[in-house]
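What follows is the content of target-v2.cif, which has mmCIF, C-alpha atoms:
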data_model
loop_
_atom_site.label_atom_id
_atom_site.label_comp_id
_atom_site.auth_asym_id
_atom_site.auth_seq_id
_atom_site.Cartn_x
_atom_site.Cartn_y
_atom_site.Cartn_z
CA MET A 185 152.53 106.18 131.45
CA ALA A 186 151.94 107.40 127.87
CA ASP A 187 150.78 103.91 126.85
CA LYS A 188 148.25 103.85 129.71
CA LYS A 189 146.80 107.22 128.58
CA LYS A 190 146.49 105.97 124.99
CA ARG A 191 144.67 102.81 126.16
CA ARG A 192 142.25 104.92 128.27
CA ARG A 193 141.52 107.19 125.29
CA ALA A 194 140.93 104.14 123.04
CA VAL A 195 138.50 102.62 125.58
CA ALA A 196 136.70 105.95 125.93
CA THR A 197 136.35 106.25 122.13
CA SER A 198 135.05 102.67 121.91
CA ASP A 199 132.48 103.33 124.64
CA SER A 200 131.41 106.51 122.86
CA ASP A 201 130.88 104.63 119.58
CA SER A 202 128.92 101.93 121.42
CA ASP A 203 126.70 104.55 123.08
CA SER A 204 126.14 106.19 119.70
CA GLU A 205 125.04 102.86 118.17
CA SER A 206 122.65 102.23 121.05
CA ASP A 207 121.13 105.70 120.68
CA PRO A 208 118.05 105.40 118.44
CA LEU A 209 118.55 108.97 117.24
CA HIS A 210 121.86 108.01 115.63
CA PHE A 211 119.81 106.71 112.67
CA LYS A 212 119.37 110.32 111.55
CA SER A 213 123.10 110.53 110.85
CA LYS A 214 122.73 107.62 108.41
CA LEU A 215 120.41 109.57 106.15
CA LYS A 216 121.75 110.55 102.75
CA PRO A 217 120.66 113.75 100.97
CA ASP A 218 117.04 113.73 99.81
CA SER A 219 118.23 113.81 96.19
CA SER A 220 119.76 110.34 96.67
CA ILE A 221 116.54 108.94 98.16
CA LEU A 222 114.53 110.51 95.32
CA GLN A 223 116.71 108.65 92.80
CA THR A 224 115.84 105.37 94.57
CA LEU A 225 112.12 106.21 94.42
CA THR A 226 112.34 107.19 90.74
CA ALA A 227 113.87 103.80 89.97
CA LEU A 228 111.09 102.08 91.95
CA LYS A 229 108.44 103.99 90.00
CA SER A 230 110.05 103.05 86.66
CA ALA A 231 110.13 99.39 87.64
CA SER A 232 106.47 99.52 88.68
CA ALA A 233 105.41 101.22 85.44
CA SER A 234 107.14 98.56 83.34
CA THR A 235 105.49 95.64 85.15
CA SER A 236 103.60 93.41 82.72
CA ARG A 237 99.82 93.34 82.74
CA PRO A 238 98.57 90.86 85.39
CA ALA A 239 96.86 87.65 84.31
CA THR A 240 93.09 87.27 84.48
CA LEU A 241 91.11 84.36 85.87
CA SER A 242 89.77 83.42 82.44
CA SER A 243 93.28 83.39 80.89
CA LEU A 244 94.63 80.81 83.37
CA ASN A 245 92.42 77.92 82.16
CA LEU A 246 92.16 76.46 85.67
CA PRO A 247 90.34 73.13 86.09
CA THR A 248 87.98 74.52 88.75
CA ALA A 249 85.02 76.73 87.80
CA PHE A 250 84.95 80.16 89.42
CA ARG A 251 82.47 82.99 89.77
CA GLU A 252 83.39 86.62 89.18
CA VAL A 253 81.21 89.70 88.92
CA SER A 254 81.62 92.71 86.65
CA ASP A 255 80.51 96.33 86.47
CA LEU A 256 77.09 96.54 84.84
CA PRO A 257 75.17 99.62 83.69
CA LEU A 258 71.92 100.36 85.52
CA SER A 259 69.86 99.26 82.53
CA SER A 260 71.49 95.81 82.67
CA VAL A 261 70.93 95.54 86.45
CA GLN A 262 67.28 96.45 85.93
CA SER A 263 66.71 93.94 83.12
CA THR A 264 68.54 91.18 85.05
CA ILE A 265 66.27 91.70 88.08
CA GLU A 266 63.18 91.68 85.84
CA SER A 267 64.32 88.46 84.12
CA LEU A 268 64.91 86.87 87.54
CA ALA A 269 61.43 87.92 88.70
CA LEU A 270 59.87 86.37 85.59
CA SER A 271 61.73 83.08 86.07
CA LEU A 272 60.58 82.95 89.72
CA ALA A 273 56.99 83.60 88.65
CA HIS A 274 57.20 80.79 86.07
CA SER A 275 58.61 78.46 88.73
CA ILE A 276 55.73 79.24 91.12
CA LEU A 277 53.06 78.85 88.39
CA SER A 278 54.52 75.53 87.26
CA GLY A 279 54.31 74.19 90.84
CA HIS A 280 58.03 74.12 91.59
CA GLY A 281 57.84 76.77 94.30
CA PHE A 282 59.84 79.92 94.95
CA SER A 283 63.59 79.57 95.46
CA PHE A 284 66.82 81.53 94.83
CA SER A 285 70.05 79.89 93.71
CA VAL A 286 72.65 81.74 95.80
CA PRO A 287 76.42 81.43 95.25
CA SER A 288 78.07 80.16 98.44
CA ARG A 289 80.46 82.67 100.05
CA ALA A 290 81.65 80.17 102.69
CA SER A 291 85.40 79.71 103.27
CA ALA A 292 85.23 76.22 101.76
CA ASN A 293 84.08 77.76 98.46
CA GLN A 294 87.04 80.16 98.24
CA LEU A 295 90.49 79.65 96.82
CA TYR A 296 93.73 81.62 96.77
CA VAL A 297 95.17 81.68 93.24
CA PRO A 298 98.95 82.32 93.38
CA GLU A 299 99.14 83.42 89.73
CA LEU A 300 96.68 86.23 90.51
CA ASP A 301 97.81 86.74 94.13
CA ARG A 302 94.21 87.08 95.27
CA ILE A 303 91.31 85.11 96.72
CA VAL A 304 88.56 84.05 94.30
CA LEU A 305 85.13 82.48 94.69
CA LYS A 306 84.46 79.00 93.35
CA ASP A 307 81.22 78.19 91.54
CA LYS A 308 79.31 76.26 94.22
CA SER A 309 75.75 77.48 94.88
CA SER A 310 73.02 76.62 97.37
CA SER A 311 69.24 76.80 97.21
CA ARG A 312 67.32 79.36 99.29
CA PRO A 313 63.66 78.23 99.15
CA PHE A 314 60.74 80.26 100.48
CA ALA A 315 58.86 77.14 101.59
CA SER A 316 61.39 76.28 104.30
CA VAL A 317 61.37 77.40 107.93
CA SER A 318 65.17 77.67 107.99
CA SER A 319 65.43 79.94 104.95
CA VAL A 320 62.07 81.72 104.61
CA ARG A 321 63.31 84.88 106.34
CA LYS A 322 66.48 85.14 104.23
CA THR A 323 64.43 84.54 101.09
CA THR A 324 62.05 87.35 102.07
CA ILE A 325 64.95 89.74 102.74
CA THR A 326 66.56 88.79 99.42
CA THR A 327 63.30 89.56 97.58
CA ARG A 328 62.95 92.90 99.39
CA ILE A 329 66.56 93.92 98.59
CA LEU A 330 66.01 93.06 94.91
CA GLN A 331 62.87 95.21 94.90
CA LEU A 332 64.74 98.16 96.42
CA ILE A 333 67.64 97.81 93.97
CA HIS A 334 65.15 97.79 91.10
CA GLN A 335 63.68 101.07 92.40
CA LEU A 336 67.16 102.63 92.55
CA SER A 337 67.87 101.57 88.96
CA LEU A 338 64.59 103.13 87.77
CA LYS A 339 65.27 106.42 89.59
CA ASN A 340 69.03 106.41 88.86
CA ILE A 341 69.96 107.47 92.41
CA HIS A 342 72.49 106.29 95.00
CA VAL A 343 71.78 105.43 98.64
CA THR A 344 73.99 104.30 101.52
CA LYS A 345 73.79 100.87 103.11
CA ARG A 346 72.32 102.61 106.15
CA ASP A 347 69.55 104.15 104.01
CA LEU A 348 68.76 100.70 102.65
CA PHE A 349 68.49 99.27 106.16
CA TYR A 350 66.04 101.98 107.29
CA THR A 351 63.61 101.26 104.44
CA ASP A 352 62.43 98.14 106.32
CA VAL A 353 63.85 98.01 109.85
CA LYS A 354 61.19 95.57 111.05
CA LEU A 355 62.17 93.01 108.41
CA PHE A 356 65.96 93.52 108.45
CA GLN A 357 66.19 93.91 112.27
CA ASP A 358 69.95 94.56 112.08
CA GLN A 359 72.05 96.26 109.38
CA SER A 360 74.51 93.37 109.29
CA GLN A 361 71.68 91.21 107.90
CA SER A 362 70.76 93.59 105.08
CA ASP A 363 74.48 94.13 104.31
CA SER A 364 75.09 90.39 104.02
CA ILE A 365 72.08 89.84 101.73
CA LEU A 366 73.24 92.80 99.61
CA ASP A 367 76.47 90.87 98.88
CA ASP A 368 74.36 87.79 98.04
CA VAL A 369 72.32 89.89 95.59
CA SER A 370 75.52 91.09 93.89
CA CYS A 371 76.53 87.45 93.40
CA ILE A 372 73.07 86.44 92.14
CA LEU A 373 72.98 89.28 89.59
CA GLY A 374 76.65 88.88 88.64
CA CYS A 375 77.50 92.54 89.17
CA THR A 376 79.72 94.56 91.51
CA ARG A 377 78.15 96.10 94.59
CA SER A 378 78.79 99.59 93.22
CA SER A 379 76.65 98.64 90.17
CA LEU A 380 73.70 98.35 92.55
CA ASN A 381 73.98 102.09 93.43
CA VAL A 382 74.34 101.23 97.12
CA VAL A 383 77.43 102.76 98.72
CA ALA A 384 78.99 102.95 102.17
CA SER A 385 79.37 106.27 103.99
CA GLU A 386 82.56 108.23 103.29
CA LYS A 387 85.44 106.89 105.38
CA GLY A 388 88.77 106.96 103.57
CA VAL A 389 90.78 110.14 102.88
CA VAL A 390 93.57 111.09 100.48
CA VAL A 391 96.14 113.89 100.47
CA GLY A 392 99.25 114.68 98.45
CA ARG A 393 100.34 114.91 94.83
CA LEU A 394 97.06 114.01 93.15
CA ILE A 395 94.57 115.92 91.03
CA PHE A 396 91.32 114.26 89.97
CA SER A 397 87.79 115.15 88.99
CA ASP A 398 84.94 114.38 91.38
CA ASN A 399 81.64 114.52 89.54
CA GLY A 400 83.09 117.18 87.22
CA ASP A 401 84.82 119.27 89.93
CA MET A 402 88.63 119.28 89.80
CA ILE A 403 90.20 118.43 93.16
CA ASP A 404 93.82 119.27 94.04
CA CYS A 405 94.81 117.08 96.99
CA THR A 406 97.80 119.28 97.88
CA LYS A 407 95.32 122.02 98.84
CA MET A 408 93.02 120.01 101.08
CA GLY A 409 94.67 120.96 104.39
CA MET A 410 95.57 118.47 107.08
CA GLY A 411 92.30 116.55 106.81
CA GLY A 412 92.70 115.73 103.14
CA LYS A 413 89.93 114.93 100.65
CA ALA A 414 87.29 112.37 101.54
CA ILE A 415 87.34 109.49 99.04
CA PRO A 416 84.05 109.55 97.10
CA PRO A 417 81.85 106.54 97.96
CA ASN A 418 80.85 106.25 94.30
CA ILE A 419 83.98 105.51 92.26
CA ASP A 420 82.11 106.31 89.02
CA ARG A 421 82.34 109.98 90.01
CA VAL A 422 86.16 109.86 89.91
CA GLY A 423 88.13 110.53 86.74
CA ASP A 424 90.99 112.45 85.05
CA MET A 425 93.65 111.38 87.57
CA GLN A 426 96.93 113.32 87.26
CA SER A 427 100.02 113.08 89.45
CA ASP A 428 103.75 113.76 89.64
CA ALA A 429 104.10 111.42 92.64
CA LEU A 430 106.76 108.72 92.80
CA PHE A 431 104.74 106.33 94.96
CA ILE A 432 101.52 105.82 96.92
CA LEU A 433 101.82 105.55 100.71
CA LEU A 434 99.00 103.43 102.15
CA VAL A 435 98.58 104.13 105.88
CA GLU A 436 96.55 102.02 108.33
CA LYS A 437 95.88 104.59 111.04
CA ASP A 438 94.36 108.07 111.02
CA ALA A 439 96.91 109.31 113.61
CA ALA A 440 99.89 108.40 111.39
CA TYR A 441 98.10 109.90 108.39
CA MET A 442 97.64 113.22 110.25
CA ARG A 443 101.34 113.34 111.13
CA LEU A 444 102.31 112.76 107.49
CA ALA A 445 99.78 115.31 106.22
CA GLU A 446 100.72 118.04 108.71
CA ASP A 447 104.45 117.59 108.01
CA ARG A 448 103.73 117.78 104.26
CA PHE A 449 105.70 114.58 103.77
CA TYR A 450 104.38 114.46 100.20
CA ASN A 451 106.31 117.64 99.31
CA ARG A 452 109.66 116.31 100.54
CA PHE A 453 109.13 112.92 98.89
CA PRO A 454 106.46 113.29 96.14
CA CYS A 455 103.74 110.81 97.01
CA ILE A 456 100.01 110.30 97.49
CA ILE A 457 98.97 109.39 101.05
CA VAL A 458 95.77 107.42 101.56
CA THR A 459 94.08 105.81 104.57
CA ALA A 460 90.80 104.04 105.34
CA LYS A 461 91.28 104.78 109.07
CA GLY A 462 91.46 101.11 110.02
CA GLN A 463 89.58 98.33 108.26
CA PRO A 464 89.54 98.92 104.48
CA ASP A 465 86.18 99.99 103.08
CA VAL A 466 85.07 99.27 99.51
CA ALA A 467 85.44 102.88 98.30
CA THR A 468 89.07 103.15 99.50
CA ARG A 469 89.95 99.77 97.98
CA LEU A 470 88.42 100.79 94.64
CA PHE A 471 90.15 104.20 94.75
CA LEU A 472 93.56 102.66 95.53
CA ARG A 473 93.23 100.19 92.66
CA LYS A 474 92.19 102.97 90.28
CA MET A 475 95.23 105.07 91.26
CA LYS A 476 97.59 102.11 90.87
CA ASN A 477 96.21 101.19 87.44
CA GLU A 478 95.93 104.68 85.97
CA LEU A 479 99.04 106.30 87.43
CA LYS A 480 101.29 103.19 87.31
CA LEU A 481 102.70 103.93 90.76
CA PRO A 482 104.17 101.51 93.34
CA VAL A 483 102.23 101.16 96.61
CA LEU A 484 104.07 101.06 99.95
CA ALA A 485 102.14 100.19 103.12
CA LEU A 486 102.62 101.52 106.66
CA VAL A 487 100.69 99.44 109.22
CA ASP A 488 100.96 98.49 112.90
CA SER A 489 103.34 95.70 113.85
CA ASP A 490 100.61 93.26 114.85
CA PRO A 491 98.61 90.48 113.13
CA TYR A 492 95.73 92.85 112.37
CA GLY A 493 98.01 95.29 110.55
CA LEU A 494 99.08 92.47 108.24
CA LYS A 495 95.46 91.34 107.82
CA ILE A 496 94.50 94.86 106.73
CA LEU A 497 97.41 94.88 104.26
CA SER A 498 96.30 91.51 102.88
CA VAL A 499 92.72 92.74 102.34
CA TYR A 500 94.03 95.55 100.12
CA GLY A 501 96.39 93.18 98.26
CA CYS A 502 94.65 89.78 98.10
CA GLY A 503 91.03 90.62 98.94
CA SER A 504 88.65 89.75 101.75
CA LYS A 505 86.91 86.41 102.04
CA ASN A 506 83.59 88.19 102.54
CA MET A 507 83.83 89.83 99.10
CA SER A 508 85.96 87.29 97.22
CA TYR A 509 83.38 87.34 94.42
CA ASP A 510 84.57 90.88 93.55
CA SER A 511 88.31 90.47 94.21
CA ALA A 512 89.17 91.31 90.58
CA ASN A 513 87.89 94.86 91.10
CA LEU A 514 88.82 95.40 94.75
CA THR A 515 92.42 94.18 95.02
CA THR A 516 95.63 96.11 94.33
CA PRO A 517 98.48 93.78 93.35
CA ASP A 518 102.08 94.03 94.53
CA ILE A 519 101.68 96.20 97.64
CA LYS A 520 105.02 96.37 99.44
CA TRP A 521 105.16 96.11 103.25
CA LEU A 522 107.27 99.11 104.31
CA GLY A 523 106.63 99.01 108.08
CA VAL A 524 106.23 98.85 110.95
CA ARG A 525 107.58 95.29 110.87
CA PRO A 526 108.41 93.06 113.87
CA SER A 527 112.12 93.20 113.02
CA ASP A 528 111.96 97.01 113.24
CA LEU A 529 111.29 96.86 116.99
CA ASP A 530 114.87 95.82 117.71
CA LYS A 531 116.45 97.41 114.66
CA TYR A 532 115.13 100.87 115.58
CA LYS A 533 115.42 100.16 119.33
CA ILE A 534 111.76 100.71 120.18
CA PRO A 535 111.65 101.06 124.02
CA GLU A 536 110.24 98.10 125.94
CA GLN A 537 107.53 100.30 127.51
CA CYS A 538 106.24 101.08 123.97
CA ARG A 539 105.96 97.41 123.03
CA LEU A 540 102.70 95.69 123.92
CA PRO A 541 102.33 92.04 124.94
CA MET A 542 100.32 90.00 122.45
CA THR A 543 97.14 88.44 123.78
CA GLU A 544 96.26 84.80 123.20
CA THR A 545 93.85 85.98 120.49
CA ASP A 546 96.66 87.97 118.84
CA ILE A 547 98.96 84.94 118.87
CA LYS A 548 96.22 82.68 117.43
CA THR A 549 95.53 85.24 114.68
CA GLY A 550 99.25 85.36 113.88
CA LYS A 551 99.49 81.57 113.70
CA ASP A 552 96.35 81.41 111.52
CA LEU A 553 97.91 83.93 109.13
CA LEU A 554 101.00 81.71 108.84
CA GLU A 555 98.71 78.99 107.45
CA GLU A 556 97.30 81.25 104.72
CA ASP A 557 98.59 80.62 101.19
CA PHE A 558 99.03 84.32 100.43
CA VAL A 559 101.41 84.59 103.41
CA LYS A 560 103.32 81.39 102.58
CA LYS A 561 103.98 82.78 99.11
CA ASN A 562 106.13 85.57 100.58
CA PRO A 563 109.10 84.23 102.63
CA GLY A 564 109.71 87.71 104.08
CA TRP A 565 106.19 87.85 105.51
CA VAL A 566 106.61 84.36 107.00
CA GLU A 567 109.89 85.37 108.66
CA GLU A 568 108.39 88.55 110.14
CA LEU A 569 105.24 86.79 111.37
CA ASN A 570 107.28 84.00 112.98
CA LEU A 571 109.36 86.64 114.77
CA MET A 572 106.18 88.35 115.99
CA VAL A 573 104.62 85.14 117.30
CA LYS A 574 107.89 84.02 118.91
CA SER A 575 108.58 87.37 120.65
CA LYS A 576 104.89 87.78 121.61
CA GLN A 577 105.33 91.52 121.17
CA LYS A 578 103.45 94.02 119.04
CA ALA A 579 103.71 97.77 118.53
CA GLU A 580 101.72 100.59 116.97
CA ILE A 581 103.10 103.08 114.46
CA GLN A 582 102.82 105.71 117.22
CA ALA A 583 105.53 103.89 119.22
CA LEU A 584 108.00 105.79 117.01
CA SER A 585 106.82 109.02 118.67
CA SER A 586 108.81 108.02 121.77
CA PHE A 587 111.84 109.42 119.90
CA GLY A 588 110.04 112.63 118.94
CA PHE A 589 106.70 113.52 117.35
CA GLN A 590 108.26 113.91 113.89
CA TYR A 591 110.59 110.88 114.04
CA LEU A 592 108.21 109.02 111.67
CA THR A 593 108.50 111.62 108.91
CA GLU A 594 112.05 112.88 109.52
CA VAL A 595 113.97 109.66 110.24
CA TYR A 596 112.06 106.37 110.07
CA LEU A 597 110.34 106.66 106.67
CA PRO A 598 113.22 108.45 104.87
CA LEU A 599 115.67 105.79 106.08
CA LYS A 600 113.30 102.99 105.06
CA LEU A 601 112.99 104.48 101.58
CA GLN A 602 116.74 105.07 101.33
CA GLN A 603 117.54 101.46 102.23
CA LYS A 604 114.76 100.03 100.01
CA ASP A 605 113.63 98.28 103.17
CA TRP A 606 110.30 96.86 102.02
CA LEU A 607 108.93 93.36 101.43
#
Once more with this new file: its structure as structure tokens, please.
Amino acid sequence: MADKKKRRRAVATSDSDSDSESDPLHFKSKLKPDSSILQTLTALKSASASTSRPATLSSLNLPTAFREVSDLPLSSVQSTIESLALSLAHSILSGHGFSFSVPSRASANQLYVPELDRIVLKDKSSSRPFASVSSVRKTTITTRILQLIHQLSLKNIHVTKRDLFYTDVKLFQDQSQSDSILDDVSCILGCTRSSLNVVASEKGVVVGRLIFSDNGDMIDCTKMGMGGKAIPPNIDRVGDMQSDALFILLVEKDAAYMRLAEDRFYNRFPCIIVTAKGQPDVATRLFLRKMKNELKLPVLALVDSDPYGLKILSVYGCGSKNMSYDSANLTTPDIKWLGVRPSDLDKYKIPEQCRLPMTETDIKTGKDLLEEDFVKKNPGWVEELNLMVKSKQKAEIQALSSFGFQYLTEVYLPLKLQQKDWL
């Protein structure tokens, strides 16, 4: 009889342990004291600060010719435009017609360089003649954009891309057309888009352990409330960065950013939290790179567990194909993928009702990513993407809220940091 009672107690204990393991909230019991996690983050920061200076395109001596742009002062932009205008005038007067030589930004003219871990633009160019029905409109828009940029350089003022579009709506017809030609003009002049004094509207925000000057005004990002400080569209206004943070947390979504900001996650684990609220804009990419370079901090990324989350992460890290000509200034090397990863869905027992079925487009995007060189370089990324495509499931960061609104800040992220669970 006594043996039977012992066996029943043993079975009951085993069942209790099994139930505890299957309870997603049991992860909280695995957390060590914050002081232990802070030691891990301090070690990560030290390793990041001691990383050797990355190679440059010119130092690699590659057999292929490439095109890169650089920051130019307004006086140089102005003189380059004037020299271009004179050469076009000479071409017309000598009977050779009016034509621009425009660097090709097509996919075939781009290359991923593993040593740099970013996409670069090769040196192929194409002619854009005025005396051609197929290109006369683009040539006219190119000329008009150059004229407007020259005016900005003379007046030393900044305008948004939207302002630029409204200067000649009848010619541009759609802002996407003036935006595209603006990138062409950057390539033609050999300067960054910010050198043209044309900026995008404010989109990204930052909060946390960062103090910097914005056009002479000192900004303390711990005192910006829940909304944080809007990232200045003109990076030239930003200077004197100071921080006692241990890392930068790059967040894809505004909703996750708000949770982190309201819970003052940056006070518990000293960090700087930044988001572009979806697709990365130029100002946020420039700001992130500036923080990484000046503060020597590691960057950890929190994105949705879907192909688009990884695409957004890759734009920050390796650059976008649309602006590959400026990847040297826009990319932030060695961004670590913290979450939410496909393997986390089972590991953290995300409920089935919070997982979304991938569409055919999602699956195709995932498979296309698996063919990209910058993904193949990282075996961990390949493994996670294969798992995503095979399971045909995706999830948003907000799926973690099914365990409680503060599960992200109180359990998931602290445990990830404690376990050094990043790729």
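For Val253 in chain A, the non-local neighbours within 7 Å, defined as residues at least 5 positions apart in the same chain or in other chains and counting all atoms listed in the file, are Cys371, Gly374, Cys375, Thr376, Tyr509 and Asp510 of chain A.
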Legend entry - Non-local contacts of Pro491 in chain A (12 Å; only C-alpha atoms; under 4 positions in same chain excluded) as number ranges by chain: A: 487, 495-498, 524-526, 542-554, 559, 565-566, 568-573, 576-580
Inset, instruction - Pick out the residues sitting within 9 Å of Arg321 in chain A, and hand them over as a list in words; count only C-alpha atoms, and ignore anything fewer than 5 positions along from it in its own chain. - result: Phe314, Thr326 and Leu355 of chain A
Legend entry - Output check: residues returned by the PyMOL selection byres ((chain A and resi 454-464) around 7), as a list in words: Lys387, Gly388, Val389, Val390, Val391, Gly392, Arg393, Leu394, Ala429, Leu430, Phe431, Ile432, Leu433, Leu434, Val435, Glu436, Lys437, Asp438, Tyr441, Tyr450, Asn451, Arg452, Phe453, Asp465, Val466, Thr468, Arg469 and Ile496 of chain A
Inset, instruction - Convert the output of the PyMOL selection byres ((chain A and resi 598) around 10) on the shown file into explicit residues, formatted as a PyMOL selection string. - result: chain A and resi 212+215-218+221-222+449+452-453+591-597+599-604
Inset, instruction - Compute the distance from (105.6, 97.4, 85.4) to each atom, counting all atoms listed in the file, keep the residues with any atom at most 12 Å away, and return them as a PyMOL selection string; use the coordinates of the file. - result: chain A and resi 227-238+476-477+479-482+517-518
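Near range 269-280 of chain A, within 12 Å and counting only C-alpha atoms, sit Gln262, Ser263, Thr264, Ile265, Phe284, Ser285, Pro313, Phe314, Ala315, Thr326, Thr327, Arg328, Leu330, Gln331, His334 and Leu373 of chain A; same-chain residues fewer than 4 positions away were not included.
Distances here use only C-alpha atoms; by that measure, the residue among A:Thr224, A:Asp255, A:Arg302, A:Asp401 closest to Tyr500 in chain A is A:Arg302.
The residue that comes closest to Ala290 in chain A, out of A:Met507, A:Met410, A:Leu607, A:Met475 and on the basis of only C-alpha atoms, is A:Met507.
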Inset, instruction - Name the closest residue to Phe396 in chain A among the candidates A:Ser319, A:Ser379, A:Ser427, A:Gln223; distances are taken between atoms, counting only C-alpha atoms. - result: A:Ser427
Inset, instruction - Have a look at CA of Ile534 in chain A and CA of Phe211 in chain A and let me know their distance in Å, one decimal. - result: 12.5 Å
Inset, instruction - Please provide the set of residues having any atom within 10 Å of Phe349 in chain A, restricted to all atoms listed in the file, with same-chain residues fewer than 3 positions apart removed, written as an MDAnalysis selection string. - result: chainID A and resid 329 344:346 352:363
Legend entry - Point-to-point distance in Å for CA of Leu241 in chain A and CA of Lys520 in chain A: 22.8 Å
Inset, instruction - Could you list the residues chosen by the PyMOL selection byres ((chain A and resi 309) around 7) in this structure as an MDAnalysis selection string? - result: chainID A and resid 285:288 307:308 310:311
Legend entry - Nearest candidate to Val320 in chain A (options A:Asp528, A:Ser283, A:Glu252, A:Ala414; using only C-alpha atoms): A:Ser283
Legend entry - Pairwise distance for CA of Ile303 in chain A and CA of Asn513 in chain A, rounded to one decimal in Å: 11.8 Å
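Proximity ranking of A:Ala485, A:Pro563, A:Asp368, A:Arg377 relative to Lys322 in chain A places A:Asp368 first, based on all atoms listed in the file.
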